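Text of input_32.txt (compact mmCIF, C-alpha atoms) as supplied:
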```txt
# COMPACT_ATOMS: atom_id res chain seq x y z
CA MET A 54 -41.54 142.08 64.73
CA THR A 55 -42.54 141.23 68.20
CA ILE A 56 -40.71 138.99 70.57
CA ALA A 57 -43.60 136.49 70.34
CA ASN A 58 -43.33 136.31 66.54
CA ILE A 59 -39.57 135.74 66.72
CA ALA A 60 -40.06 132.93 69.25
CA SER A 61 -42.79 131.28 67.14
CA LYS A 62 -40.59 131.35 64.05
CA ALA A 63 -37.71 129.80 65.99
CA VAL A 64 -39.96 126.99 67.16
CA ARG A 65 -41.15 126.31 63.61
CA HIS A 66 -37.57 126.12 62.37
CA ALA A 67 -36.66 123.76 65.20
CA ASN A 68 -39.63 121.49 64.45
CA LEU A 69 -38.79 121.38 60.72
CA LYS A 70 -35.16 120.59 61.52
CA PHE A 71 -36.28 117.75 63.81
CA ALA A 72 -38.65 116.37 61.18
CA LEU A 73 -35.95 116.41 58.47
CA THR A 74 -33.46 114.81 60.84
CA ALA A 75 -35.94 112.06 61.74
CA LEU A 76 -36.74 111.41 58.06
CA ALA A 77 -33.06 111.21 57.22
CA ALA A 78 -32.53 108.79 60.07
CA LEU A 79 -35.40 106.57 58.92
CA THR A 80 -34.12 106.61 55.36
CA ALA A 81 -30.68 105.65 56.50
CA VAL A 82 -32.01 102.74 58.52
CA GLY A 83 -34.04 101.42 55.51
CA ALA A 84 -31.10 101.62 53.12
CA ALA A 85 -28.77 99.86 55.52
CA ALA A 86 -31.00 96.78 56.10
CA ALA A 87 -29.46 93.63 54.47
CA PRO A 88 -31.82 91.31 52.47
CA GLN A 89 -32.76 88.13 54.25
CA THR A 90 -32.12 84.79 52.53
CA PHE A 91 -34.74 82.03 52.29
CA THR A 92 -34.64 78.51 50.80
CA ALA A 93 -36.87 76.88 48.19
CA SER A 94 -36.70 73.12 47.67
CA ALA A 95 -38.12 70.34 45.50
CA THR A 96 -37.72 66.58 45.25
CA VAL A 97 -37.57 64.75 41.92
CA GLN A 98 -39.13 61.30 41.74
CA ASN A 99 -38.78 59.68 38.33
CA ALA A 100 -39.95 56.16 39.16
CA VAL A 101 -42.63 54.49 41.23
CA SER A 102 -42.19 51.35 43.29
CA LEU A 103 -44.24 48.25 42.49
CA THR A 104 -44.63 45.48 45.06
CA ASN A 105 -45.88 42.02 44.08
CA THR A 106 -47.98 40.78 46.99
CA THR A 107 -49.42 37.74 45.12
CA PRO A 108 -47.46 36.17 42.23
CA LEU A 109 -49.28 35.52 38.96
CA ASN A 110 -49.99 31.76 38.86
CA PHE A 111 -51.81 29.85 36.14
CA GLY A 112 -52.20 26.84 38.41
CA THR A 113 -52.14 23.25 37.16
CA ILE A 114 -52.66 22.69 33.45
CA PHE A 115 -53.17 19.33 31.77
CA ALA A 116 -51.13 19.48 28.57
CA THR A 117 -49.72 16.49 26.75
CA LYS A 118 -48.70 17.77 23.34
CA THR A 119 -48.67 20.99 21.41
CA LEU A 120 -50.71 21.54 18.31
CA VAL A 121 -48.85 21.59 15.02
CA GLY A 122 -47.44 25.05 14.51
CA THR A 123 -47.03 27.12 11.39
CA SER A 124 -43.62 26.64 9.81
CA GLY A 125 -41.18 29.32 10.94
CA THR A 126 -43.42 30.78 13.64
CA GLY A 127 -44.02 28.07 16.24
CA ILE A 128 -47.63 29.16 16.68
CA ALA A 129 -50.55 27.20 15.32
CA ALA A 130 -53.50 29.17 14.03
CA ASP A 131 -55.70 27.02 16.28
CA SER A 132 -53.50 27.06 19.39
CA ASN A 133 -54.99 26.54 22.84
CA HIS A 134 -55.28 29.63 25.04
CA ILE A 135 -55.12 29.46 28.82
CA VAL A 136 -56.94 32.59 30.00
CA LEU A 137 -56.63 33.90 33.57
CA THR A 138 -58.77 36.96 34.33
CA PRO A 139 -57.92 39.60 36.98
CA THR A 140 -60.84 38.30 39.02
CA GLY A 141 -59.20 34.88 39.28
CA THR A 142 -61.30 32.96 36.76
CA ALA A 143 -59.19 30.53 34.70
CA SER A 144 -60.30 28.69 31.59
CA VAL A 145 -59.02 27.27 28.35
CA THR A 146 -60.14 28.45 24.94
CA PRO A 147 -59.29 25.38 22.87
CA GLY A 148 -58.10 25.51 19.31
CA THR A 149 -59.88 23.62 16.58
CA GLY A 150 -57.27 20.89 16.48
CA THR A 151 -56.24 18.22 18.95
CA PRO A 152 -54.94 17.57 21.55
CA LYS A 153 -56.78 19.91 23.89
CA THR A 154 -55.24 21.67 26.86
CA LEU A 155 -57.24 21.61 30.10
CA TYR A 156 -57.16 23.86 33.15
CA MET A 157 -57.34 21.93 36.41
CA THR A 158 -56.92 24.03 39.57
CA GLY A 159 -54.93 26.58 41.58
CA ALA A 160 -54.88 29.70 39.39
CA LEU A 161 -54.39 33.09 41.05
CA PRO A 162 -54.16 36.53 39.47
CA GLY A 163 -51.11 38.59 40.33
CA VAL A 164 -51.68 41.35 42.88
CA PHE A 165 -49.46 44.46 42.84
CA THR A 166 -49.38 47.63 44.94
CA VAL A 167 -47.95 51.10 44.31
CA PRO A 168 -47.73 53.72 47.11
CA GLY A 169 -47.95 57.49 46.91
CA LEU A 170 -49.51 58.25 43.52
CA PRO A 171 -50.94 61.77 42.99
CA GLN A 172 -54.69 62.11 42.60
CA GLY A 173 -55.74 62.88 39.03
CA ALA A 174 -52.55 61.54 37.46
CA VAL A 175 -52.99 59.35 34.38
CA ILE A 176 -50.75 56.28 34.67
CA VAL A 177 -49.85 53.51 32.23
CA LEU A 178 -48.53 50.04 33.06
CA ASN A 179 -45.76 48.87 30.71
CA PHE A 180 -44.38 45.36 30.20
CA TYR A 181 -40.86 44.22 29.31
CA ALA A 182 -39.20 40.97 28.31
CA VAL A 183 -36.34 39.76 30.50
CA GLY A 184 -33.50 42.29 30.21
CA GLY A 185 -35.45 44.41 27.74
CA ALA A 186 -35.31 48.20 27.82
CA THR A 187 -38.21 48.85 25.45
CA PRO A 188 -41.81 48.12 26.41
CA ILE A 189 -43.46 45.21 24.62
CA THR A 190 -46.54 45.88 22.54
CA LEU A 191 -48.74 42.94 23.42
CA ALA A 192 -51.53 41.74 21.20
CA ALA A 193 -55.19 41.80 21.92
CA SER A 194 -56.17 38.55 23.57
CA GLY A 195 -56.30 35.66 21.13
CA ALA A 196 -54.32 37.31 18.35
CA GLY A 197 -51.53 34.77 18.64
CA THR A 198 -48.51 37.01 18.04
CA CYS A 199 -46.07 35.11 20.24
CA GLY A 200 -44.51 33.37 17.28
CA GLY A 201 -41.78 34.71 15.04
CA ALA A 202 -38.63 33.82 13.18
CA LEU A 203 -36.55 34.16 16.36
CA VAL A 204 -38.62 31.61 18.24
CA THR A 205 -36.64 28.41 17.83
CA ASN A 206 -37.08 27.36 21.46
CA ALA A 207 -38.15 28.85 24.75
CA SER A 208 -34.78 30.51 25.35
CA SER A 209 -34.65 32.34 22.04
CA ALA A 210 -38.31 33.29 22.43
CA SER A 211 -37.34 35.24 25.52
CA ALA A 212 -34.29 36.71 23.79
CA GLY A 213 -36.51 37.73 20.90
CA GLY A 214 -38.62 39.96 23.13
CA LYS A 215 -41.22 37.39 24.17
CA ILE A 216 -42.49 36.53 27.63
CA VAL A 217 -42.48 32.76 28.01
CA LEU A 218 -43.07 30.05 30.59
CA ALA A 219 -40.80 27.03 30.22
CA PRO A 220 -39.47 24.18 32.42
CA ALA A 221 -35.94 25.57 32.49
CA LEU A 222 -35.62 28.74 30.48
CA GLY A 223 -32.45 28.63 28.39
CA SER A 224 -31.37 25.18 29.49
CA SER A 225 -34.15 22.81 28.46
CA SER A 226 -32.84 19.31 27.76
CA ASP A 227 -35.18 19.17 24.79
CA PRO A 228 -34.90 22.30 22.62
CA ASN A 229 -38.02 21.22 20.74
CA ALA A 230 -40.24 20.84 23.83
CA GLY A 231 -43.47 22.77 24.02
CA TYR A 232 -43.72 25.92 26.11
CA PHE A 233 -46.19 28.73 26.81
CA CYS A 234 -46.02 32.28 25.54
CA VAL A 235 -47.83 35.30 27.00
CA ASP A 236 -50.04 36.79 24.33
CA SER A 237 -51.57 39.57 26.42
CA PHE A 238 -51.94 40.92 29.95
CA VAL A 239 -55.11 42.37 31.41
CA THR A 240 -55.79 44.24 34.67
CA ASP A 241 -58.86 45.11 36.73
CA LYS A 242 -58.21 48.87 36.26
CA THR A 243 -59.77 50.54 33.23
CA ASN A 244 -57.23 51.52 30.53
CA LEU A 245 -54.24 50.89 32.81
CA THR A 246 -52.38 49.00 30.04
CA THR A 247 -53.59 51.20 27.15
CA THR A 248 -54.47 54.90 27.21
CA GLY A 249 -54.00 55.28 30.96
CA TYR A 250 -55.86 54.97 34.26
CA THR A 251 -56.83 58.13 36.16
CA VAL A 252 -55.74 57.90 39.80
CA LEU A 253 -58.61 58.37 42.25
CA PHE A 254 -58.38 59.85 45.75
CA ALA A 255 -58.80 56.32 47.16
CA ASP A 256 -55.70 55.22 45.18
CA THR A 257 -53.29 57.85 46.46
CA THR A 258 -52.18 56.13 49.67
CA LEU A 259 -51.86 52.66 48.14
CA PHE A 260 -52.86 51.82 44.59
CA THR A 261 -53.66 48.11 44.10
CA PHE A 262 -54.31 46.28 40.84
CA LYS A 263 -54.78 42.66 39.80
CA LEU A 264 -53.12 41.12 36.75
CA GLY A 265 -54.29 38.32 34.52
CA ALA A 266 -52.94 37.04 31.20
CA ASP A 267 -53.53 34.89 28.15
CA LEU A 268 -51.06 32.05 27.54
CA ILE A 269 -50.67 30.41 24.15
CA THR A 270 -49.43 26.84 23.80
CA SER A 271 -46.34 27.11 21.63
CA VAL A 272 -44.07 24.82 19.68
CA PRO A 273 -40.52 25.82 18.68
CA ALA A 274 -40.23 27.07 15.11
CA ALA A 275 -37.61 24.44 14.32
CA ALA A 276 -40.16 21.75 15.11
CA SER A 277 -43.28 23.69 14.20
CA THR A 278 -44.61 21.26 11.62
CA THR A 279 -44.81 18.49 14.21
CA ALA A 280 -46.69 18.36 17.50
CA GLN A 281 -44.25 18.34 20.43
CA SER A 282 -44.58 17.07 24.01
CA PHE A 283 -44.82 19.24 27.10
CA ALA A 284 -42.42 18.24 29.85
CA ALA A 285 -44.15 17.40 33.15
CA GLY A 286 -43.30 19.65 36.07
CA ALA A 287 -43.21 23.32 37.03
CA TYR A 288 -43.05 26.01 34.34
CA SER A 289 -41.97 29.55 35.06
CA GLY A 290 -40.89 32.75 33.39
CA SER A 291 -40.04 36.35 34.20
CA PHE A 292 -41.22 39.70 32.94
CA GLY A 293 -40.63 43.34 33.78
CA MET A 294 -43.14 46.09 34.55
CA ASP A 295 -43.05 49.78 35.25
CA ILE A 296 -45.55 52.60 35.58
CA THR A 297 -45.24 55.83 33.63
CA PHE A 298 -47.30 59.03 33.71
CA ASN A 299 -49.24 59.69 30.55
```
Go ahead and render the structure in this file as structure tokens.
Amino acid sequence: MTIANIASKAVRHANLKFALTALAALTAVGAAAAPQTFTASATVQNAVSLTNTTPLNFGTIFATKTLVGTSGTGIAADSNHIVLTPTGTASVTPGTGTPKTLYMTGALPGVFTVPGLPQGAVIVLNFYAVGGATPITLAASGAGTCGGALVTNASSASAGGKIVLAPALGSSSDPNAGYFCVDSFVTDKTNLTTTGYTVLFADTTLFTFKLGADLITSVPAAASTTAQSFAAGAYSGSFGMDITFN
């Protein structure tokens, strides 16, 4: 073996030793590296916020007496209906009996806004009686389902899961006085109160809807077989609403 061959072999051994040493060093560095920690986050929102920018107002109604109601229900089959549409048109659909109720002036649909809804979501508007935890199933307009065995006056109508307008809810000086009961609500958004409204891109920043309703002239069940007077003055009532995702 020549001196040149011996030198070449020594160089090859040295190079292999360097390569193995470098690989071992790289492997050691990779094994020693600690995993880095990162954070994932999410926010739960289980309710949406409704703001009432214009209160629902049926305006001034000329009403002297109720119609004679059906015994035990407080609702006459031919009751007068005060109808306020979401576009602001108010009218009275009179019953077949007398006296008639007349709309005079000042009606305004309710206007409500909801911020931050996701595009494509299907939302449903639900209604509640005062203090109620279960949504009310309201009738189709004109069905006249406000009456019931619990409706002995405006106060018990509310307690029985009804939405009513009365001079002084729960403290009327005349427990047999006439009052108004909400038979149905209607909005300007398709299917919002039924199967659900699909949120458009234009709705995502601020969703706005208008609310109308159908009022039925009502007489307390205890006095249902006799027409009763309406007290002059302001009538009011409260109801709850929320929006759920369908």
key: Nearest candidate to Pro273 of chain A (options A:Phe254, A:Phe233, A:Phe91, A:Phe260; using all atoms listed in the file)   = A:Phe233
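With distances taken over all atoms listed in the file, A:Ala266 is the one residue among A:Ala266, A:Val239, A:Val252, A:Leu245 lying closest to Ala143 of chain A.
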query = Could you state the separation of atom CA of Leu178 of chain A and atom CA of Leu264 of chain A in Å, given to one decimal place?
reply =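 Those two atoms sit 10.7 Å apart.
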task = Go through A:Leu137, A:Leu155, A:Ala95, A:Leu103 and flag the residue nearest Asn179 of chain A, using all atoms listed in the file for the distances.
result =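 Smallest separation from Asn179 of chain A among the options: A:Leu103.
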task = Compile the contact shell of Ser132 of chain A as an MDAnalysis selection string: residues with an atom at most 10 Å away, counting only C-alpha atoms, same-chain residues fewer than 4 positions apart removed.
result = chainID A and resid 119:122 128 146:154 195 197 268:272
task = Grab the atom CA of Leu218 of chain A to atom CA of Gly159 of chain A distance for me, in Å with one decimal place.
result = 16.5 Å
Between atom CA of Asn110 of chain A and atom CA of Thr243 of chain A - distance in Å to one decimal =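 Distance between the two atoms: 21.9 Å.
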ask   = So which one's closest to Ala160 of chain A, A:Phe238, A:Phe298, A:Phe283, A:Phe111? Using all atoms listed in the file, please.
value = A:Phe111
ask   = Near Ala219 of chain A, counting all atoms listed in the file, which residues have an atom at most 7 Å away, once you skip same-chain residues fewer than 6 positions from it, shown as an MDAnalysis selection string?
value = chainID A and resid 207 232:233 288:290
At the level of C-alpha atoms, write segment 142-185 of chain A to a file as a PDB file, in the first residue's frame, please.
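Output below, filename selection-v7.pdb:
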```pdb
ATOM      1  CA  THR A 142    -102.010  51.004   8.520  1.00  0.00           C
ATOM      2  CA  ALA A 143    -104.654  50.758  11.258  1.00  0.00           C
ATOM      3  CA  SER A 144    -108.252  49.704  10.807  1.00  0.00           C
ATOM      4  CA  VAL A 145    -111.115  48.012  12.584  1.00  0.00           C
ATOM      5  CA  THR A 146    -112.712  44.796  11.417  1.00  0.00           C
ATOM      6  CA  PRO A 147    -116.100  45.101  13.088  1.00  0.00           C
ATOM      7  CA  GLY A 148    -118.057  42.185  14.421  1.00  0.00           C
ATOM      8  CA  THR A 149    -121.595  41.524  13.309  1.00  0.00           C
ATOM      9  CA  GLY A 150    -123.081  42.912  16.494  1.00  0.00           C
ATOM     10  CA  THR A 151    -123.196  46.379  17.990  1.00  0.00           C
ATOM     11  CA  PRO A 152    -121.701  48.629  19.253  1.00  0.00           C
ATOM     12  CA  LYS A 153    -118.881  49.101  16.770  1.00  0.00           C
ATOM     13  CA  THR A 154    -115.335  50.057  17.671  1.00  0.00           C
ATOM     14  CA  LEU A 155    -113.716  52.772  15.548  1.00  0.00           C
ATOM     15  CA  TYR A 156    -110.080  53.636  14.912  1.00  0.00           C
ATOM     16  CA  MET A 157    -109.417  57.370  15.007  1.00  0.00           C
ATOM     17  CA  THR A 158    -105.739  58.379  14.726  1.00  0.00           C
ATOM     18  CA  GLY A 159    -102.141  58.042  15.932  1.00  0.00           C
ATOM     19  CA  ALA A 160    -101.278  54.373  15.362  1.00  0.00           C
ATOM     20  CA  LEU A 161     -97.624  53.399  14.933  1.00  0.00           C
ATOM     21  CA  PRO A 162     -96.085  49.964  14.429  1.00  0.00           C
ATOM     22  CA  GLY A 163     -93.360  48.957  16.840  1.00  0.00           C
ATOM     23  CA  VAL A 164     -89.816  49.182  15.483  1.00  0.00           C
ATOM     24  CA  PHE A 165     -87.090  46.906  16.896  1.00  0.00           C
ATOM     25  CA  THR A 166     -83.405  46.464  16.096  1.00  0.00           C
ATOM     26  CA  VAL A 167     -80.971  43.601  16.687  1.00  0.00           C
ATOM     27  CA  PRO A 168     -77.199  44.019  16.110  1.00  0.00           C
ATOM     28  CA  GLY A 169     -74.619  41.470  15.012  1.00  0.00           C
ATOM     29  CA  LEU A 170     -76.608  38.590  13.514  1.00  0.00           C
ATOM     30  CA  PRO A 171     -74.697  36.089  11.326  1.00  0.00           C
ATOM     31  CA  GLN A 172     -75.523  35.989   7.630  1.00  0.00           C
ATOM     32  CA  GLY A 173     -77.506  32.904   6.638  1.00  0.00           C
ATOM     33  CA  ALA A 174     -78.802  32.216  10.140  1.00  0.00           C
ATOM     34  CA  VAL A 175     -82.500  31.338  10.416  1.00  0.00           C
ATOM     35  CA  ILE A 176     -84.056  33.277  13.301  1.00  0.00           C
ATOM     36  CA  VAL A 177     -87.463  33.101  14.982  1.00  0.00           C
ATOM     37  CA  LEU A 178     -89.161  35.811  17.037  1.00  0.00           C
ATOM     38  CA  ASN A 179     -90.935  34.461  20.138  1.00  0.00           C
ATOM     39  CA  PHE A 180     -93.528  36.175  22.345  1.00  0.00           C
ATOM     40  CA  TYR A 181     -94.159  35.842  26.084  1.00  0.00           C
ATOM     41  CA  ALA A 182     -96.813  36.979  28.527  1.00  0.00           C
ATOM     42  CA  VAL A 183     -95.653  39.099  31.457  1.00  0.00           C
ATOM     43  CA  GLY A 184     -93.376  36.941  33.624  1.00  0.00           C
ATOM     44  CA  GLY A 185     -93.854  33.919  31.373  1.00  0.00           C
TER      45      GLY A 185
END
```
